[in-house]
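Read the structure below first, then the notes.
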Amino acid sequence: MLWRNNLNILTDNLIFINQLQNFDVLNESILYIRFLFGFRSKVWIKWFDSVEELQRYVGVPIPSWVIGTIYGKDILIVNYERWKHKNIGTLEELIIHEFSHIVLHSKLRSSCPLWLDEGLAVYLSGQINNFALDAFNHVKTDVYNLNYDDEVFYISSAKAVKKLVDSFGVNSIIDRMLILESFENDAIFGRQQVKALLER
Ligand SMILES: [Zn+2]
């Protein structure tokens, strides 16, 4: 059985479909992201019963904390039952997050800096609202230097994206991302510019 929806998101896994609880938020966000980036391609969701199973599929080591990733234009997700009690957001948020990565990777001319890739996914998925407000006061500002090993990586990246959106608007941010050849020295996305924005 194929999942019937108007999102151009496909899956043939019934267990996964039954784990979805909020179609409205999924609908709204996926259509909005498609519109923002002009992204129309079909995307498949593949469901794995464990991170080990997912790792076997992609054939490269995956950290044990991972609950979803992308593989070309496929979204790979770990069974929601395995992580729903961990307080790390909803299944819908995870799908929107991974979908954002697929769109970014396929639409950008140059490769997206890691902080912007993750920050935008956390922002667009609504996962940014899952952080404690107080945590936003303890972010690092040199976001180009951060990676997954840093415990404030996601929140710092998301805060940087939020500040960019608040300052310039989501449409102009994304329109600029779509044509940029290089981010690090850009007048908006540049290392110094983002640092200054976060320190303001
Ligand atoms: Zn991500």
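Following the order of the structure tokens, chains are lettered A, B, ..., residues in each are numbered from 1, and ligands are numbered from 1.
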
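Every protein, DNA or RNA residue with an atom at most 10 Å from region 71-73 of chain A, where only C-alpha atoms count and chain neighbours fewer than 3 positions away do not, is listed here: Ser41, Lys42, Val43, Trp44, Ile45, Lys46, Tyr57, Val58, Leu76, Glu98, Phe99, His101, Ile102, Val103, His105 and Ser106 of chain A.
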
(message) Taking the DSSP secondary structure from the backbone, can you list the residues of region 38-165 of chain A that are strand (DSSP E or B), as a list in words?
(response) Val43, Trp44, Ile45, Lys46, Trp47, Phe48, Gly68, Thr69, Ile70, Tyr71, Asp74, Ile75, Leu76, Ile77 and Val78 of chain A

Residues at most 10 Å from Glu199 (chain A), counting only C-alpha atoms, excluding those fewer than 3 positions away in the same chain, as a PDB file with C-alpha atoms, in the first residue's frame?
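Once written, part-v8.pdb looks like this:
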```
ATOM      1  CA  VAL A 139      25.072  29.544  22.587  1.00  0.00           C
ATOM      2  CA  LYS A 140      28.434  29.840  20.821  1.00  0.00           C
ATOM      3  CA  THR A 141      28.727  32.591  18.241  1.00  0.00           C
ATOM      4  CA  ASP A 142      31.453  31.359  15.887  1.00  0.00           C
ATOM      5  CA  GLN A 193      28.437  38.916  10.125  1.00  0.00           C
ATOM      6  CA  VAL A 194      26.721  35.974  11.790  1.00  0.00           C
ATOM      7  CA  LYS A 195      28.986  36.220  14.812  1.00  0.00           C
ATOM      8  CA  ALA A 196      28.129  39.912  15.205  1.00  0.00           C
TER       9      ALA A 196
END
```

Closest atom pairs, chain A residues within 9 Å of ligand 1, only C-alpha atoms and all ligand atoms, as CSV:
```
residue,atom,partner,partner_atom_place_in_ligand_line,distance
A:Gly68,CA,ligand 1,1 (Zn),7.9
A:Thr69,CA,ligand 1,1 (Zn),6.9
A:Ile70,CA,ligand 1,1 (Zn),8.7
A:Leu94,CA,ligand 1,1 (Zn),8.6
A:His97,CA,ligand 1,1 (Zn),6.2
A:Glu98,CA,ligand 1,1 (Zn),6.1
A:Ser100,CA,ligand 1,1 (Zn),8.4
A:His101,CA,ligand 1,1 (Zn),6.6
A:Asp117,CA,ligand 1,1 (Zn),7.2
A:Glu118,CA,ligand 1,1 (Zn),4.8
A:Gly119,CA,ligand 1,1 (Zn),8.2
A:Leu120,CA,ligand 1,1 (Zn),8.9
A:Ala121,CA,ligand 1,1 (Zn),6.1
A:Val122,CA,ligand 1,1 (Zn),7.3
A:Tyr154,CA,ligand 1,1 (Zn),8.7
```

(message) I need the helix (DSSP H, G or I) residues of region 15-127 of chain A per DSSP on the backbone, written as JSON, numbers by chain.
(response) {"A": [15, 16, 17, 18, 19, 23, 24, 25, 26, 27, 28, 29, 30, 31, 32, 33, 34, 35, 36, 37, 51, 52, 53, 54, 55, 56, 57, 58, 80, 81, 82, 84, 85, 86, 91, 92, 93, 94, 95, 96, 97, 98, 99, 100, 101, 102, 103, 104, 105, 106, 107, 114, 115, 116, 117, 118, 119, 120, 121, 122, 123, 124, 125, 127]}

(request) Write out as a list in words which residues come within 10 Å of Asn145 (chain A) when counting only C-alpha atoms, dropping same-chain ones fewer than 6 positions away. (result)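 Skipping anything fewer than 6 positions along the chain leaves Leu114, Trp115, Phe153 and Arg191 of chain A.
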
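Considering the residues A:Ala160, A:Ile155, A:Leu116, A:Ile75 and counting only C-alpha atoms, Thr11 (chain A) has its shortest atom-to-atom contact with A:Ile75.
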
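Non-sequential neighbours of Ser29 (chain A) (distance at most 7 Å, separation of 4 or more positions within a chain, only C-alpha atoms) are Val25, Ile33 and Ile96 of chain A.
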
(message) Restricting the calculation to only C-alpha atoms: of A:Leu2, A:Leu104, A:Leu124, A:Ile95, which residue gets closest to Ala158 (chain A)?
(response)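 Of all the options, A:Leu124 lies closest to Ala158 (chain A).
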
(message) Using only C-alpha atoms, which protein or nucleic acid residues come within 12 Å of Lys84 (chain A)? Drop anything in the same chain fewer than 4 positions from it, and give the result as number ranges by chain.
(response) A: 19-20, 67, 78-80, 88-94

(request) For region 174-184 of chain A, please output as an MDAnalysis selection string all residues within 7 Å (counting only C-alpha atoms; exclusion window: fewer than 6 positions along the same chain). (result) chainID A and resid 107:110 190:191

(request) Select, from A:Tyr123, A:Phe16, A:Phe136, A:Tyr144, the residue with the minimum atom-to-atom distance to Val165 (chain A), counting only C-alpha atoms. (result) A:Tyr123
